[in-house]
file start.cif (mmCIF, C-alpha atoms and all ligand atoms)
data_model
loop_
_atom_site.label_atom_id
_atom_site.label_comp_id
_atom_site.auth_asym_id
_atom_site.auth_seq_id
_atom_site.Cartn_x
_atom_site.Cartn_y
_atom_site.Cartn_z
CA MET A 1 -47.05 6.27 39.80
CA ASP A 2 -44.28 8.33 41.36
CA TYR A 3 -44.66 11.43 39.22
CA LYS A 4 -42.30 13.43 41.42
CA GLN A 5 -39.44 11.08 40.75
CA LEU A 6 -40.20 11.05 37.04
CA LYS A 7 -40.22 14.82 37.02
CA ASN A 8 -36.84 14.89 38.76
CA GLU A 9 -35.37 12.54 36.24
CA PHE A 10 -36.96 13.70 32.98
CA GLN A 11 -38.42 17.18 33.66
CA THR A 12 -41.87 18.16 32.41
CA PRO A 13 -43.78 18.06 30.17
CA PHE A 14 -43.64 14.41 29.14
CA TYR A 15 -45.83 11.64 27.83
CA ILE A 16 -45.91 8.24 29.49
CA TYR A 17 -47.52 5.14 27.96
CA ASN A 18 -48.38 1.88 29.66
CA PHE A 19 -47.27 -0.78 27.18
CA ASP A 20 -48.83 -3.61 29.19
CA PHE A 21 -52.22 -1.95 28.84
CA ILE A 22 -51.76 -1.72 25.06
CA LYS A 23 -50.82 -5.41 24.89
CA LYS A 24 -53.91 -6.35 26.85
CA ARG A 25 -56.18 -4.36 24.56
CA PHE A 26 -54.50 -5.77 21.46
CA LEU A 27 -54.99 -9.34 22.63
CA SER A 28 -58.62 -8.87 23.65
CA LEU A 29 -59.48 -7.32 20.31
CA LYS A 30 -57.81 -10.23 18.53
CA GLU A 31 -59.68 -12.63 20.80
CA ALA A 32 -63.06 -11.08 19.96
CA PHE A 33 -62.60 -12.06 16.32
CA LYS A 34 -61.22 -15.52 16.98
CA ALA A 35 -64.08 -17.20 15.09
CA ARG A 36 -62.42 -15.92 11.89
CA LYS A 37 -59.01 -15.34 10.40
CA SER A 38 -58.13 -11.81 11.37
CA GLN A 39 -55.26 -9.38 11.28
CA ILE A 40 -54.91 -6.21 13.30
CA PHE A 41 -53.24 -3.39 11.37
CA TYR A 42 -52.47 -0.82 14.04
CA ALA A 43 -53.13 2.70 12.70
CA LEU A 44 -49.80 4.38 13.32
CA LYS A 45 -51.09 7.88 13.13
CA ALA A 46 -52.57 7.59 16.63
CA ASN A 47 -49.09 7.17 18.09
CA SER A 48 -46.11 6.28 15.96
CA ASN A 49 -43.31 6.01 18.53
CA LEU A 50 -40.82 3.41 17.29
CA SER A 51 -40.57 1.55 20.60
CA LEU A 52 -44.34 1.25 20.73
CA LEU A 53 -44.36 -0.14 17.18
CA GLN A 54 -41.58 -2.57 18.06
CA MET A 55 -43.63 -3.86 20.98
CA LEU A 56 -46.60 -4.38 18.63
CA VAL A 57 -44.41 -6.19 16.08
CA LYS A 58 -43.68 -8.75 18.81
CA LEU A 59 -47.43 -9.29 19.19
CA ASP A 60 -47.62 -10.03 15.45
CA SER A 61 -49.47 -6.80 14.72
CA GLY A 62 -49.75 -5.43 11.23
CA PHE A 63 -49.66 -1.71 10.47
CA ASP A 64 -52.00 0.69 8.71
CA CYS A 65 -49.92 3.55 7.33
CA VAL A 66 -51.05 6.81 5.78
CA SER A 67 -47.72 8.09 4.47
CA ILE A 68 -44.43 6.69 3.32
CA GLY A 69 -42.98 8.05 6.55
CA GLU A 70 -45.30 5.77 8.52
CA ILE A 71 -44.38 2.81 6.32
CA ARG A 72 -40.71 3.50 7.01
CA ARG A 73 -41.40 3.74 10.72
CA ALA A 74 -43.16 0.36 10.69
CA LEU A 75 -40.28 -1.22 8.76
CA LYS A 76 -37.73 0.41 11.07
CA ALA A 77 -39.55 -1.11 14.04
CA GLY A 78 -39.17 -4.55 12.47
CA ALA A 79 -42.51 -5.05 10.73
CA LYS A 80 -42.52 -7.38 7.73
CA PRO A 81 -43.71 -5.72 4.49
CA TYR A 82 -46.52 -8.26 4.15
CA LYS A 83 -47.97 -6.93 7.43
CA ILE A 84 -48.18 -3.36 6.17
CA ILE A 85 -51.06 -1.70 4.32
CA PHE A 86 -51.19 1.82 2.93
CA SER A 87 -54.28 4.06 3.25
CA GLY A 88 -54.97 7.73 2.68
CA VAL A 89 -56.72 10.01 0.24
CA GLY A 90 -53.63 11.86 -0.98
CA LYS A 91 -50.82 9.40 -1.71
CA THR A 92 -48.20 10.79 -4.07
CA LYS A 93 -46.72 8.98 -7.06
CA GLU A 94 -43.41 8.68 -5.26
CA GLU A 95 -45.14 7.15 -2.22
CA LEU A 96 -47.00 4.64 -4.41
CA LYS A 97 -43.75 3.67 -6.12
CA LEU A 98 -41.95 3.12 -2.83
CA ALA A 99 -44.87 1.15 -1.41
CA LEU A 100 -44.71 -1.18 -4.43
CA GLU A 101 -40.95 -1.53 -4.13
CA TYR A 102 -41.28 -2.41 -0.45
CA ASP A 103 -43.82 -5.05 -1.55
CA ILE A 104 -46.34 -4.26 1.19
CA LEU A 105 -49.50 -6.34 1.56
CA TYR A 106 -51.92 -4.01 -0.24
CA ILE A 107 -52.73 -0.41 -1.02
CA ASN A 108 -56.14 1.00 -0.07
CA LEU A 109 -57.23 3.07 -3.05
CA GLU A 110 -59.43 6.10 -2.51
CA SER A 111 -60.19 7.28 -6.07
CA GLU A 112 -60.22 6.20 -9.71
CA ALA A 113 -57.48 8.69 -10.49
CA GLU A 114 -55.28 7.10 -7.84
CA MET A 115 -55.93 3.66 -9.32
CA ILE A 116 -54.88 4.81 -12.80
CA LEU A 117 -51.74 6.37 -11.38
CA LEU A 118 -50.91 3.25 -9.39
CA GLU A 119 -51.41 1.10 -12.48
CA SER A 120 -48.95 3.20 -14.46
CA VAL A 121 -46.41 3.05 -11.64
CA ALA A 122 -46.81 -0.72 -11.37
CA LYS A 123 -46.43 -1.06 -15.14
CA LYS A 124 -43.14 0.82 -15.06
CA LEU A 125 -41.90 -1.49 -12.30
CA ASN A 126 -43.37 -4.44 -14.19
CA LEU A 127 -45.26 -5.82 -11.23
CA LYS A 128 -48.78 -6.38 -10.08
CA ALA A 129 -50.03 -4.04 -7.36
CA ARG A 130 -52.24 -5.65 -4.74
CA ILE A 131 -55.13 -3.32 -4.07
CA SER A 132 -58.12 -2.80 -1.87
CA ILE A 133 -60.71 -0.09 -2.44
CA ARG A 134 -61.99 2.18 0.26
CA VAL A 135 -65.75 2.26 -0.02
CA ASN A 136 -67.57 5.27 1.32
CA PRO A 137 -70.83 3.66 2.44
CA ASN A 138 -72.59 6.98 3.09
CA VAL A 139 -73.47 6.25 6.71
CA ASP A 140 -73.38 8.83 9.45
CA ALA A 141 -70.87 7.83 12.11
CA LYS A 142 -72.32 10.42 14.54
CA THR A 143 -68.97 11.62 15.80
CA HIS A 144 -67.18 14.99 15.71
CA PRO A 145 -67.36 16.36 12.12
CA TYR A 146 -63.55 16.58 11.87
CA ILE A 147 -63.21 12.83 12.47
CA SER A 148 -66.30 11.68 10.59
CA THR A 149 -65.32 10.12 7.26
CA GLY A 150 -68.09 7.85 6.02
CA LEU A 151 -70.48 10.28 4.38
CA ASN A 152 -70.39 11.14 0.67
CA GLU A 153 -69.76 14.75 1.70
CA ASN A 154 -66.44 13.66 3.26
CA LYS A 155 -63.36 13.41 1.07
CA PHE A 156 -62.73 9.72 1.80
CA GLY A 157 -63.22 6.64 -0.35
CA VAL A 158 -65.52 6.12 -3.32
CA GLU A 159 -69.22 5.32 -3.64
CA THR A 160 -70.19 1.67 -3.94
CA GLN A 161 -71.05 2.06 -7.63
CA ILE A 162 -67.68 3.53 -8.46
CA ALA A 163 -65.96 0.88 -6.37
CA ARG A 164 -67.63 -1.85 -8.41
CA LYS A 165 -66.46 -0.21 -11.62
CA MET A 166 -62.93 0.07 -10.24
CA TYR A 167 -62.82 -3.62 -9.27
CA LEU A 168 -63.86 -4.59 -12.78
CA TYR A 169 -61.16 -2.40 -14.25
CA ALA A 170 -58.54 -3.76 -11.84
CA LYS A 171 -59.52 -7.34 -12.58
CA ASN A 172 -58.79 -6.78 -16.25
CA SER A 173 -55.53 -4.96 -15.66
CA ALA A 174 -52.22 -6.81 -15.94
CA PHE A 175 -50.78 -4.58 -13.25
CA LEU A 176 -53.49 -4.54 -10.59
CA GLU A 177 -54.72 -7.34 -8.37
CA PRO A 178 -57.81 -6.71 -6.24
CA VAL A 179 -57.33 -8.49 -2.91
CA GLY A 180 -59.48 -6.57 -0.45
CA VAL A 181 -62.18 -4.09 0.35
CA HIS A 182 -61.97 -1.38 2.95
CA PHE A 183 -64.12 1.06 4.86
CA HIS A 184 -63.44 3.42 7.75
CA ILE A 185 -66.33 5.69 8.63
CA GLY A 186 -64.92 7.79 11.43
CA SER A 187 -63.08 7.91 14.70
CA GLN A 188 -64.09 7.85 18.36
CA LEU A 189 -67.28 5.86 17.69
CA LEU A 190 -69.04 4.85 20.89
CA GLU A 191 -72.19 3.77 19.11
CA LEU A 192 -71.31 1.03 16.64
CA SER A 193 -74.51 0.56 14.65
CA PRO A 194 -73.13 2.78 11.83
CA ILE A 195 -70.16 0.38 11.51
CA TYR A 196 -72.50 -2.62 11.33
CA GLU A 197 -74.54 -0.84 8.70
CA ALA A 198 -71.40 -0.08 6.71
CA ALA A 199 -70.28 -3.70 7.04
CA GLY A 200 -73.62 -4.82 5.60
CA ILE A 201 -73.33 -2.46 2.63
CA VAL A 202 -69.76 -3.50 1.90
CA ALA A 203 -70.50 -7.22 2.36
CA LYS A 204 -73.23 -6.88 -0.25
CA LEU A 205 -70.65 -5.46 -2.65
CA VAL A 206 -68.30 -8.38 -1.88
CA ARG A 207 -71.04 -10.85 -2.86
CA GLU A 208 -71.74 -8.97 -6.08
CA LEU A 209 -68.06 -9.04 -6.93
CA LYS A 210 -67.89 -12.74 -6.17
CA ALA A 211 -70.62 -13.30 -8.73
CA LEU A 212 -68.36 -11.48 -11.21
CA GLN A 213 -65.45 -13.82 -10.38
CA ILE A 214 -63.67 -11.19 -8.33
CA GLU A 215 -62.65 -13.04 -5.17
CA LEU A 216 -61.41 -10.82 -2.38
CA LYS A 217 -59.36 -12.08 0.57
CA PHE A 218 -59.48 -9.15 2.99
CA PHE A 219 -62.49 -7.47 4.52
CA ASP A 220 -60.91 -4.43 6.12
CA ILE A 221 -63.25 -2.85 8.65
CA GLY A 222 -61.06 0.17 9.42
CA GLY A 223 -60.65 1.58 12.89
CA GLY A 224 -62.76 4.05 14.78
CA LEU A 225 -63.56 2.18 17.99
CA GLY A 226 -64.12 4.81 20.62
CA VAL A 227 -62.82 5.01 24.16
CA ALA A 228 -64.38 6.38 27.34
CA TYR A 229 -62.87 9.83 27.79
CA GLU A 230 -65.70 10.95 30.04
CA LYS A 231 -67.15 9.09 33.00
CA THR A 232 -70.51 8.99 31.24
CA ASP A 233 -69.05 7.36 28.11
CA THR A 234 -69.45 3.63 27.66
CA GLU A 235 -66.99 1.83 25.46
CA PRO A 236 -68.27 -0.60 22.88
CA LYS A 237 -68.14 -4.26 23.84
CA LEU A 238 -65.62 -6.07 21.67
CA TYR A 239 -67.67 -9.21 21.41
CA GLU A 240 -70.69 -7.26 20.15
CA TYR A 241 -68.46 -5.37 17.75
CA ALA A 242 -67.19 -8.60 16.25
CA GLN A 243 -70.65 -10.16 16.07
CA GLY A 244 -72.19 -7.04 14.55
CA ILE A 245 -69.75 -7.30 11.68
CA LEU A 246 -69.35 -11.05 11.29
CA LYS A 247 -73.08 -11.60 11.00
CA HIS A 248 -72.90 -9.97 7.55
CA LEU A 249 -70.18 -12.31 6.33
CA ASN A 250 -71.83 -15.71 6.48
CA GLY A 251 -70.59 -17.97 3.72
CA LEU A 252 -67.75 -15.62 2.76
CA ASP A 253 -64.17 -16.78 3.28
CA LEU A 254 -62.48 -13.54 4.23
CA THR A 255 -59.74 -12.44 6.57
CA ILE A 256 -60.94 -9.60 8.76
CA GLY A 257 -58.57 -6.65 8.71
CA MET A 258 -58.87 -4.16 11.56
CA GLU A 259 -57.23 -0.77 11.79
CA PRO A 260 -57.58 0.34 15.40
CA GLY A 261 -55.56 3.33 16.48
CA ARG A 262 -57.16 5.17 19.37
CA TYR A 263 -58.70 2.08 20.93
CA LEU A 264 -55.33 0.46 21.52
CA VAL A 265 -53.37 3.44 22.80
CA ALA A 266 -55.57 6.31 24.03
CA LYS A 267 -56.08 5.08 27.56
CA SER A 268 -52.52 3.85 27.93
CA GLY A 269 -51.13 7.35 27.96
CA GLU A 270 -50.82 10.37 30.21
CA PHE A 271 -49.46 13.79 29.47
CA VAL A 272 -47.70 15.07 32.55
CA CYS A 273 -46.89 18.74 33.04
CA SER A 274 -46.17 21.20 35.82
CA VAL A 275 -48.15 24.17 37.04
CA LEU A 276 -46.38 27.45 36.32
CA TYR A 277 -48.81 29.93 37.83
CA GLU A 278 -52.31 30.43 39.06
CA LYS A 279 -54.06 33.68 38.39
CA THR A 280 -57.51 35.20 38.41
CA ASN A 281 -58.82 37.72 35.90
CA LYS A 282 -61.78 39.35 37.60
CA ASP A 283 -63.52 36.26 38.93
CA LYS A 284 -62.07 33.77 36.50
CA ARG A 285 -59.44 31.37 37.76
CA PHE A 286 -56.68 30.09 35.45
CA ILE A 287 -54.07 27.41 35.99
CA ILE A 288 -51.20 27.97 33.58
CA VAL A 289 -49.04 24.92 32.90
CA ASP A 290 -45.77 24.19 31.08
CA GLY A 291 -47.44 21.97 28.47
CA ALA A 292 -49.51 23.57 25.72
CA MET A 293 -51.54 22.99 22.57
CA ASN A 294 -48.37 22.34 20.58
CA ASP A 295 -47.82 19.27 22.81
CA PHE A 296 -51.41 18.12 23.02
CA ILE A 297 -53.92 19.68 20.66
CA ARG A 298 -57.04 17.52 21.13
CA PRO A 299 -58.86 19.89 23.52
CA SER A 300 -58.19 22.88 21.21
CA LEU A 301 -58.88 21.11 17.92
CA TYR A 302 -61.86 18.92 18.78
CA GLU A 303 -63.00 20.45 22.06
CA ALA A 304 -62.10 17.03 23.40
CA TYR A 305 -62.65 16.28 27.07
CA HIS A 306 -59.70 14.88 29.02
CA GLU A 307 -59.75 14.09 32.70
CA ILE A 308 -57.20 16.18 34.58
CA ILE A 309 -55.80 15.57 38.04
CA LEU A 310 -53.42 17.29 40.40
CA PRO A 311 -52.26 14.08 42.07
CA TYR A 312 -50.62 15.71 45.10
CA ASN A 313 -53.07 18.55 45.80
CA LYS A 314 -55.86 18.26 48.31
CA GLY A 315 -58.51 20.64 49.46
CA GLU A 316 -61.55 22.36 48.15
CA GLU A 317 -62.07 22.38 44.39
CA SER A 318 -63.14 25.43 42.45
CA GLU A 319 -63.84 26.17 38.83
CA CYS A 320 -60.91 27.06 36.60
CA ASP A 321 -59.53 26.92 33.05
CA VAL A 322 -56.35 24.93 32.52
CA VAL A 323 -54.28 26.66 29.85
CA GLY A 324 -50.86 26.58 28.21
CA GLY A 325 -48.55 29.48 27.57
CA ILE A 326 -49.12 29.77 23.81
CA CYS A 327 -50.32 33.06 22.41
CA GLU A 328 -53.80 31.86 21.43
CA SER A 329 -57.00 31.80 23.43
CA GLY A 330 -57.58 28.37 21.88
CA ASP A 331 -54.64 27.05 23.87
CA PHE A 332 -56.43 25.26 26.69
CA PHE A 333 -56.59 21.75 28.12
CA ALA A 334 -59.86 22.24 30.00
CA ARG A 335 -62.48 24.87 30.59
CA LYS A 336 -64.71 25.28 33.64
CA ARG A 337 -63.08 22.37 35.39
CA PHE A 338 -63.14 21.87 39.16
CA LEU A 339 -59.67 21.44 40.62
CA PRO A 340 -58.02 22.08 44.00
CA LYS A 341 -55.77 25.06 44.53
CA SER A 342 -52.29 24.71 43.05
CA LYS A 343 -49.03 26.62 42.88
CA GLY A 344 -45.96 26.77 40.69
CA GLY A 345 -44.16 23.41 40.51
CA ASP A 346 -47.17 21.22 41.24
CA ILE A 347 -47.62 18.23 38.99
CA MET A 348 -50.66 17.97 36.71
CA VAL A 349 -51.68 14.86 34.81
CA ILE A 350 -53.84 14.87 31.70
CA LYS A 351 -55.32 11.43 31.30
CA ASN A 352 -56.09 9.26 28.28
CA ALA A 353 -53.58 11.11 26.14
CA GLY A 354 -51.95 8.15 24.41
CA ALA A 355 -53.68 8.64 21.05
CA TYR A 356 -53.37 11.67 18.80
CA GLY A 357 -51.24 13.34 21.45
CA PHE A 358 -47.57 13.33 20.66
CA SER A 359 -48.23 12.36 17.05
CA MET A 360 -50.06 15.67 16.50
CA SER A 361 -47.51 17.76 18.37
CA SER A 362 -45.61 20.61 16.74
CA ASN A 363 -43.02 23.26 17.40
CA TYR A 364 -45.54 26.09 17.45
CA ASN A 365 -44.19 29.07 19.38
CA SER A 366 -40.73 27.50 18.86
CA ARG A 367 -41.27 25.11 21.73
CA ASN A 368 -39.26 21.92 21.83
CA ARG A 369 -41.22 18.72 21.64
CA ALA A 370 -41.75 16.81 24.89
CA CYS A 371 -40.09 13.49 25.71
CA GLU A 372 -41.89 10.15 25.82
CA LEU A 373 -41.61 7.35 28.37
CA ALA A 374 -42.83 3.79 28.44
CA LEU A 375 -43.96 1.73 31.41
CA GLU A 376 -43.51 -1.97 30.69
CA GLU A 377 -43.46 -4.84 33.17
CA GLY A 378 -42.94 -2.45 36.06
CA GLN A 379 -40.02 -0.64 34.43
CA ILE A 380 -40.07 2.92 33.15
CA ARG A 381 -37.78 3.90 30.28
CA LEU A 382 -37.24 6.80 27.91
CA ILE A 383 -38.46 6.08 24.36
CA ARG A 384 -37.96 9.53 22.85
CA GLN A 385 -35.69 12.14 24.27
CA ARG A 386 -36.76 15.71 24.75
CA GLU A 387 -36.03 17.76 21.66
CA SER A 388 -33.27 20.35 21.99
CA PHE A 389 -33.24 23.87 20.60
CA GLU A 390 -30.39 22.86 18.27
CA GLU A 391 -32.47 20.02 16.84
CA GLN A 392 -35.42 22.32 16.40
CA ILE A 393 -33.48 24.83 14.27
CA ALA A 394 -31.12 22.44 12.47
CA LEU A 395 -32.91 22.53 9.11
CA GLU A 396 -32.91 26.33 9.00
CA GLU A 397 -29.65 27.30 10.63
CA LYS A 398 -27.50 26.29 7.69
CA PHE A 399 -29.27 28.84 5.48
CA LEU A 400 -28.36 31.85 7.61
CA LYS A 401 -26.22 34.38 5.74
CA ALA A 402 -22.69 34.80 7.00
C1 LIG B 1 -57.30 7.26 11.36
C2 LIG B 1 -57.56 5.98 10.69
C3 LIG B 1 -57.67 4.81 11.44
C4 LIG B 1 -57.61 4.78 12.94
O1 LIG B 1 -58.68 5.43 13.52
P1 LIG B 1 -58.94 5.29 15.09
O2 LIG B 1 -60.17 6.07 15.31
O3 LIG B 1 -57.77 5.86 15.79
O4 LIG B 1 -59.11 3.84 15.38
C5 LIG B 1 -57.87 3.64 10.75
N1 LIG B 1 -57.95 3.60 9.39
C6 LIG B 1 -57.83 4.72 8.65
C7 LIG B 1 -57.92 4.62 7.18
C8 LIG B 1 -57.65 5.94 9.26
O5 LIG B 1 -57.56 7.04 8.52
#

call {"tool": "encode", "arguments": {"input": "start.cif", "output": "structure tokens", "more": "lines below"}}
Ligand SMILES: *Cc1c(COP(=O)(O)O)cnc(C)c1O
result
Amino acid sequence: MDYKQLKNEFQTPFYIYNFDFIKKRFLSLKEAFKARKSQIFYALKANSNLSLLQMLVKLDSGFDCVSIGEIRRALKAGAKPYKIIFSGVGKTKEELKLALEYDILYINLESEAEMILLESVAKKLNLKARISIRVNPNVDAKTHPYISTGLNENKFGVETQIARKMYLYAKNSAFLEPVGVHFHIGSQLLELSPIYEAAGIVAKLVRELKALQIELKFFDIGGGLGVAYEKTDTEPKLYEYAQGILKHLNGLDLTIGMEPGRYLVAKSGEFVCSVLYEKTNKDKRFIIVDGAMNDFIRPSLYEAYHEIILPYNKGEESECDVVGGICESGDFFARKRFLPKSKGGDIMVIKNAGAYGFSMSSNYNSRNRACELALEEGQIRLIRQRESFEEQIALEEKFLKA
């Protein structure tokens, strides 16, 4: 990639995503489950750029949304309501109402209280809400605690026993229609046996429900597939993933729902910035760059490892910390990393930044958000322009006293 030319045209920092890579991953995931009816619901929260969503709509992707804002993004990008599902532990009444009005495919419920609220909202609208219940199978996903969600100590989903009770209630309600079951035990899973275990637990529930004349259509296995951020990481094999789940579903006629986020987009993306300065404090070497934790927070928040290169610098490598300019010691992209010598203006690339990068960015330190580019069929184009100072302050400026 000609980073220098991109820097001339768009300045730094910026994100760039390879759409062809995302397409390839989407199609191979779909292929792995070809023995069954399946539907991918891309988890928008990993990267919700409208052009990216529009590209996925063309591939017939569905969308897993966790806020009404994400549902609106999916619709804006051209998604059909019947390809949209709604997850999340804290949906508001207003969000539930809008989701019903949009007539999306189903709502993943995460508590009894939410079910009762949804029922009352559906009753007011005089319609039947299609629901799925997120089961918390109490398995340890063995990932970073912040992105582990499948243990009873986590806030997500309901225990199997409660789920069964909820299905029975929903079956007898005039305003609820149980259509699916859902689990999602965590993110960045490189070892998939916890998912298989969860699938077994949830499949058992599906059979019990069947015996009670509750016939579900969707078996939603969530997301969580990990990617190789480090050279020593090995990514799960898609075929094994599919087999590990499908083996629990013999004799059940279910459509497999998948909610991959990271797996589809993480490795498609790079965050490109420029070196501002190098300095040493005592013996410690720092490279200070023009991107920061407000642009890309994964290293700070999860101590995530991301490969970093200085594509145009040669020479001997020495240990350094790569940091942003934000007034926090937690503002770093890498610690104790070996990189060649650099100087102001040099280009630095942070790899595998396509997931939970821009979508977690903020204006902290009153910095404008970076721009986003797409590479598709050999062409590079802007898909989100760099934020301006005026845009950043627009919602406050009008309240200034004369
Ligand atoms: C975050 C999330 C996903 C996507 O997780 P990835 O690890 O990015 O695949 C899927 N489903 C739900 C309910 C989520 O909260």

call {"tool": "closest_atom_pairs", "arguments": {"input": "start.cif", "of": "chain A", "to": "ligand LIG 1 (chain B)", "cutoff": "6 Å", "atoms": "all atoms listed in the file", "output": "tab-separated table"}}
result
residue	atom	partner	partner_atom	distance
A:Ala43	CA	B:LIG1	C4	4.9
A:Ala46	CA	B:LIG1	O3	5.5
A:Ser87	CA	B:LIG1	C7	5.4
A:His184	CA	B:LIG1	C7	5.7
A:Ser187	CA	B:LIG1	O2	3.5
A:Gln188	CA	B:LIG1	O2	5.3
A:Gly222	CA	B:LIG1	N1	4.6
A:Gly223	CA	B:LIG1	O4	3.7
A:Gly224	CA	B:LIG1	O2	3.3
A:Leu225	CA	B:LIG1	O4	5.4
A:Glu259	CA	B:LIG1	C5	4.6
A:Pro260	CA	B:LIG1	O4	3.8
A:Gly261	CA	B:LIG1	O3	3.4
A:Arg262	CA	B:LIG1	O3	3.7
A:Tyr263	CA	B:LIG1	O4	5.8

call {"tool": "closest_residue", "arguments": {"input": "start.cif", "among": "A:Tyr356, A:Tyr196, A:Tyr312, A:Phe338", "to": "A:Ile245", "atoms": "all atoms listed in the file"}}
result
A:Tyr196

call {"tool": "atom_distance", "arguments": {"input": "start.cif", "atom1": "atom CA of A:Gly378", "atom2": "atom CA of A:Phe10"}}
result
17.5 Å

call {"tool": "residues_around", "arguments": {"input": "start.cif", "residues": "A:Leu168", "least_positions_apart": "2", "cutoff": "10 Å", "atoms": "all atoms listed in the file", "output": "list of chain:residue names"}}
result
A:Ile162, A:Ala163, A:Arg164, A:Lys165, A:Met166, A:Ala170, A:Lys171, A:Asn172, A:Ser173, A:Pro178, A:Leu209, A:Leu212, A:Gln213, A:Ile214

call {"tool": "residues_around", "arguments": {"input": "start.cif", "residues": "stretch 287-290 of chain A", "least_positions_apart": "3", "cutoff": "10 Å", "atoms": "all atoms listed in the file", "output": "PDB file with C-alpha atoms, in the frame of the given file"}}
result
ATOM      1  CA  THR A  12     -41.870  18.160  32.410  1.00  0.00           C
ATOM      2  CA  PRO A  13     -43.780  18.060  30.170  1.00  0.00           C
ATOM      3  CA  VAL A 272     -47.700  15.070  32.550  1.00  0.00           C
ATOM      4  CA  CYS A 273     -46.890  18.740  33.040  1.00  0.00           C
ATOM      5  CA  SER A 274     -46.170  21.200  35.820  1.00  0.00           C
ATOM      6  CA  VAL A 275     -48.150  24.170  37.040  1.00  0.00           C
ATOM      7  CA  LEU A 276     -46.380  27.450  36.320  1.00  0.00           C
ATOM      8  CA  TYR A 277     -48.810  29.930  37.830  1.00  0.00           C
ATOM      9  CA  GLU A 278     -52.310  30.430  39.060  1.00  0.00           C
ATOM     10  CA  LYS A 279     -54.060  33.680  38.390  1.00  0.00           C
ATOM     11  CA  THR A 280     -57.510  35.200  38.410  1.00  0.00           C
ATOM     12  CA  ASP A 295     -47.820  19.270  22.810  1.00  0.00           C
ATOM     13  CA  CYS A 320     -60.910  27.060  36.600  1.00  0.00           C
ATOM     14  CA  ASP A 321     -59.530  26.920  33.050  1.00  0.00           C
ATOM     15  CA  VAL A 322     -56.350  24.930  32.520  1.00  0.00           C
ATOM     16  CA  VAL A 323     -54.280  26.660  29.850  1.00  0.00           C
ATOM     17  CA  GLY A 324     -50.860  26.580  28.210  1.00  0.00           C
ATOM     18  CA  GLY A 325     -48.550  29.480  27.570  1.00  0.00           C
ATOM     19  CA  ILE A 326     -49.120  29.770  23.810  1.00  0.00           C
ATOM     20  CA  PHE A 332     -56.430  25.260  26.690  1.00  0.00           C
ATOM     21  CA  PHE A 333     -56.590  21.750  28.120  1.00  0.00           C
ATOM     22  CA  ALA A 334     -59.860  22.240  30.000  1.00  0.00           C
ATOM     23  CA  LEU A 339     -59.670  21.440  40.620  1.00  0.00           C
ATOM     24  CA  LYS A 341     -55.770  25.060  44.530  1.00  0.00           C
ATOM     25  CA  SER A 342     -52.290  24.710  43.050  1.00  0.00           C
ATOM     26  CA  LYS A 343     -49.030  26.620  42.880  1.00  0.00           C
ATOM     27  CA  GLY A 344     -45.960  26.770  40.690  1.00  0.00           C
ATOM     28  CA  GLY A 345     -44.160  23.410  40.510  1.00  0.00           C
ATOM     29  CA  ASP A 346     -47.170  21.220  41.240  1.00  0.00           C
ATOM     30  CA  ILE A 347     -47.620  18.230  38.990  1.00  0.00           C
ATOM     31  CA  MET A 348     -50.660  17.970  36.710  1.00  0.00           C
TER      32      MET A 348
END

call {"tool": "closest_residue", "arguments": {"input": "start.cif", "among": "A:Ile131, A:Cys371, A:Leu395, A:Ile85", "to": "A:Leu44", "atoms": "all atoms listed in the file"}}
result
A:Ile85

call {"tool": "residues_around", "arguments": {"input": "start.cif", "residues": "A:Lys83", "least_positions_apart": "5", "cutoff": "9 Å", "atoms": "all atoms listed in the file", "output": "number ranges by chain"}}
result
A: 39, 41, 60-64, 104-105

call {"tool": "closest_residue", "arguments": {"input": "start.cif", "among": "A:Tyr241, A:Phe271, A:Phe14, A:Tyr302", "to": "A:Pro194", "atoms": "all atoms listed in the file"}}
result
A:Tyr241

call {"tool": "atom_distance", "arguments": {"input": "start.cif", "atom1": "atom CA of A:Ala74", "atom2": "atom CA of A:Leu50"}}
result
7.6 Å

call {"tool": "closest_atom_pairs", "arguments": {"input": "start.cif", "of": "stretch 238-345 of chain A", "to": "stretch 199-208 of chain A", "cutoff": "12 Å", "atoms": "only C-alpha atoms", "output": "JSON lines"}}
result
{"residue": "A:Tyr241", "atom": "CA", "partner": "A:Ala199", "partner_atom": "CA", "distance": 11.0}
{"residue": "A:Ala242", "atom": "CA", "partner": "A:Ala199", "partner_atom": "CA", "distance": 10.9}
{"residue": "A:Gln243", "atom": "CA", "partner": "A:Ala199", "partner_atom": "CA", "distance": 11.1}
{"residue": "A:Gly244", "atom": "CA", "partner": "A:Ala199", "partner_atom": "CA", "distance": 8.4}
{"residue": "A:Ile245", "atom": "CA", "partner": "A:Ala199", "partner_atom": "CA", "distance": 5.9}
{"residue": "A:Leu246", "atom": "CA", "partner": "A:Ala199", "partner_atom": "CA", "distance": 8.5}
{"residue": "A:Lys247", "atom": "CA", "partner": "A:Gly200", "partner_atom": "CA", "distance": 8.7}
{"residue": "A:His248", "atom": "CA", "partner": "A:Gly200", "partner_atom": "CA", "distance": 5.6}
{"residue": "A:Leu249", "atom": "CA", "partner": "A:Ala203", "partner_atom": "CA", "distance": 6.5}
{"residue": "A:Asn250", "atom": "CA", "partner": "A:Ala203", "partner_atom": "CA", "distance": 9.5}
{"residue": "A:Gly251", "atom": "CA", "partner": "A:Arg207", "partner_atom": "CA", "distance": 9.7}
{"residue": "A:Leu252", "atom": "CA", "partner": "A:Arg207", "partner_atom": "CA", "distance": 8.1}
{"residue": "A:Asp253", "atom": "CA", "partner": "A:Val206", "partner_atom": "CA", "distance": 10.7}
{"residue": "A:Leu254", "atom": "CA", "partner": "A:Val206", "partner_atom": "CA", "distance": 9.9}
{"residue": "A:Ile256", "atom": "CA", "partner": "A:Ala199", "partner_atom": "CA", "distance": 11.2}
